[in-house]
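First up is the structure itself, then whatever we jot down about it.
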There are 2 protein chains.
Amino acid sequence: MISGKFAITIHILTLLTKFPNDYLSSEFIAGSINLNPVLVRKEIANLKAHHIVESKEGKNGGTKLAVDSTKITLKEIFEMTFETINLGYAKNQPNPDCPVGKKINQNLSALYADMNQKVSLQLDGISLEDFSNQF
Amino acid sequence: MISGKFAITIHILTLLTKFPNDYLSSEFIAGSINLNPVLVRKEIANLKAHHIVESKEGKNGGTKLAVDSTKITLKEIFEMTFETINLGYAKNQPNPDCPVGKKINQNLSALYADMNQKVSLQLDGISLEDFSNQF
DNA sequence: TCATACTGTAATAAAATATGTTACAAATGT
DNA sequence: ACATTTGTAACATATTTTATTACAGTATGA
């Protein structure tokens, strides 16, 4: 659910990094993203499950970072929100009687695995702090 | 149109590489992919526009490779079918009055541009012939 | 020259996925 | 008590992807 998960999550985390001492409300965050607050809370729920942020309910509640922004990398955020990169698979059970159909998904998988390794290496070199400092 | 364009196109081209002297019908190709023949023809139309394949209409018609499979790389195929890789953008005009909202898409773009460069480098090292030889 | 087997393409339908909304219980500060 | 906020479920809408139908045009070969 939510295909722009990574973008939304990065946006949330950048805001939290900018205000590390405040509990930001989902309404406030949603105002920056221009997104429904419920969707923000859903992504925050995911971040909480990974112990990246903590929330406080009730009045003056909200969410703040639970980790040091220099210690977490975009790779980890990627993995929390966007399983893997790929360029698609044959989804309708390709013909198992055809040598190509039989192995196409397996060979695509191997190709995509390489892609992901390269992307992961790149993202692992960028901390949330690095990314936030661009703003 | 068609998100699995790359996968479908690779499948088509692998088949054409395996039978470099035959005109394969969209029906035959669709049988291996297990896909509607019209969708196959649409992807073939794209390949024709890029002069990668040629087709013959009428009885005993079909499609065959128009280039040497050792001369074309997966990078070129990627570029014909899958503009760029990305992990999503903020789509609802993020708030321009927020320093983060104002620059988020720009910074995501820069990140994704790096990703694409790395992926392109990988795909440029694999010819269609290389890929087909795995089957 | 006619039946057949293809491509090419448009129009439309169906299915899948992503995004947005409403509603409300539960928690917490003042 | 009251206002404000999270958490979550249920539902609604929009968008994108995939599939289908239909048919005109073209080549082949009996």
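How things are named: the first chain in the structure tokens is A, the next is B, and so on; residues count from 1 in each chain; ligands count from 1 in the order shown.
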Define the interface residues of chain C facing chain A as those within 8 Å, counting only C-alpha atoms (C1' of nucleotides), and report them as a VMD selection string. chain C and resid 17 to 20 27 to 29
Where in region 10-119 of chain A does DSSP assign alpha helix (DSSP H), given as number ranges by chain? A: 10-18, 26-33, 37-49, 74-81, 99-119
Compute the set of chain B residues within 8 Å of chain A, using only C-alpha atoms, and express it as a ChimeraX atom specification. /B:3-8,11,14-15,31-35,82,87-90,92-95,98-101,103-104,107-108,115,118-119,122,134-135
Keeping C-alpha atoms for every residue in the selection just given, could you write it to a file as an mmCIF file, in the first residue's frame?
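After the write, selection14.cif holds the following:
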```cif
data_model
loop_
_atom_site.group_PDB
_atom_site.id
_atom_site.type_symbol
_atom_site.label_atom_id
_atom_site.label_comp_id
_atom_site.auth_asym_id
_atom_site.auth_seq_id
_atom_site.Cartn_x
_atom_site.Cartn_y
_atom_site.Cartn_z
ATOM 1 C CA SER B 3 4.503 -1.408 -16.526
ATOM 2 C CA GLY B 4 6.148 -4.731 -17.204
ATOM 3 C CA LYS B 5 7.370 -3.362 -20.529
ATOM 4 C CA PHE B 6 10.982 -4.210 -19.855
ATOM 5 C CA ALA B 7 10.271 -7.792 -18.845
ATOM 6 C CA ILE B 8 7.972 -8.346 -21.806
ATOM 7 C CA HIS B 11 11.220 -11.929 -23.309
ATOM 8 C CA THR B 14 15.250 -13.417 -26.208
ATOM 9 C CA LEU B 15 12.888 -15.485 -28.326
ATOM 10 C CA GLY B 31 2.147 -18.218 -26.042
ATOM 11 C CA SER B 32 5.554 -18.249 -24.398
ATOM 12 C CA ILE B 33 4.874 -15.175 -22.289
ATOM 13 C CA ASN B 34 1.276 -16.161 -21.676
ATOM 14 C CA LEU B 35 0.078 -12.735 -22.624
ATOM 15 C CA PHE B 82 11.605 2.072 -18.822
ATOM 16 C CA LEU B 87 11.593 5.376 -5.764
ATOM 17 C CA GLY B 88 8.757 7.849 -6.203
ATOM 18 C CA TYR B 89 8.197 11.548 -5.828
ATOM 19 C CA ALA B 90 5.956 13.792 -3.803
ATOM 20 C CA ASN B 92 0.762 16.544 -4.664
ATOM 21 C CA GLN B 93 2.732 19.755 -5.015
ATOM 22 C CA PRO B 94 4.541 19.801 -1.688
ATOM 23 C CA ASN B 95 4.208 23.017 0.279
ATOM 24 C CA CYS B 98 8.252 24.831 3.665
ATOM 25 C CA PRO B 99 11.988 24.600 3.037
ATOM 26 C CA VAL B 100 11.735 20.839 2.851
ATOM 27 C CA GLY B 101 8.621 20.759 0.686
ATOM 28 C CA LYS B 103 13.226 21.169 -2.459
ATOM 29 C CA ILE B 104 12.197 17.588 -1.829
ATOM 30 C CA ASN B 107 16.791 16.372 -4.064
ATOM 31 C CA LEU B 108 15.071 13.091 -4.793
ATOM 32 C CA MET B 115 20.950 5.416 -9.123
ATOM 33 C CA LYS B 118 24.884 2.960 -11.693
ATOM 34 C CA VAL B 119 22.177 0.773 -13.146
ATOM 35 C CA GLN B 122 25.599 -2.474 -15.146
ATOM 36 C CA GLN B 134 21.552 -18.097 -20.109
ATOM 37 C CA PHE B 135 18.607 -20.043 -21.485
#
```
Per-residue nearest contacts of chain D to chain A (7 Å; only C-alpha atoms (C1' of nucleotides)) as a tab-separated table:
```
residue	atom	partner	partner_atom	distance
D:DT4	C1'	A:Lys59	CA	4.4
D:DT5	C1'	A:Gly58	CA	4.4
D:DT6	C1'	A:Glu57	CA	4.7
```
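The backbone trace of chain A, superposed onto chain B over all C-alpha atoms paired in order, deviates from it by an RMSD of 0.1 Å.
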Measure the distance from C1' of DC2 (chain C) to CA of Lys64 (chain B) in Å and round it to one decimal. 28.5 Å
List as a Markdown table every residue of chain C that is in contact with region 19-25 of chain D, defined as an atom at most 12 Å from one of its atoms (using only C-alpha atoms (C1' of nucleotides)), together with the nearest atom pair and the distance in Å rounded to one decimal, sorted by chain and then rising number.
```
| residue | atom | partner | partner_atom | distance |
| --- | --- | --- | --- | --- |
| C:DC6 | C1' | D:DG25 | C1' | 10.6 |
| C:DT7 | C1' | D:DG25 | C1' | 8.5 |
| C:DG8 | C1' | D:DG25 | C1' | 8.3 |
| C:DT9 | C1' | D:DA24 | C1' | 9.3 |
| C:DA10 | C1' | D:DA22 | C1' | 9.1 |
| C:DA11 | C1' | D:DA22 | C1' | 8.8 |
| C:DT12 | C1' | D:DT21 | C1' | 8.2 |
| C:DA13 | C1' | D:DT20 | C1' | 7.3 |
| C:DA14 | C1' | D:DA19 | C1' | 7.3 |
| C:DA15 | C1' | D:DA19 | C1' | 8.9 |
```
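Here CA of Asp124 (chain A) stands at a distance of 7.6 Å from CA of Glu76 (chain A).
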Tell me, which residues of chain B carry DSSP strand (DSSP E or B), written as a PyMOL selection string? chain B and resi 24+53-56+62-65+73+127
Residues near Ala66 (chain A), cut-off 8 Å, only C-alpha atoms (C1' of nucleotides), skip fewer than 2 positions along chain, as a PyMOL selection string: chain A and resi 51-54+64+68
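The gap separating CA of Thr70 (chain B) from CA of Thr9 (chain B) is 16.6 Å, in Å to one decimal.
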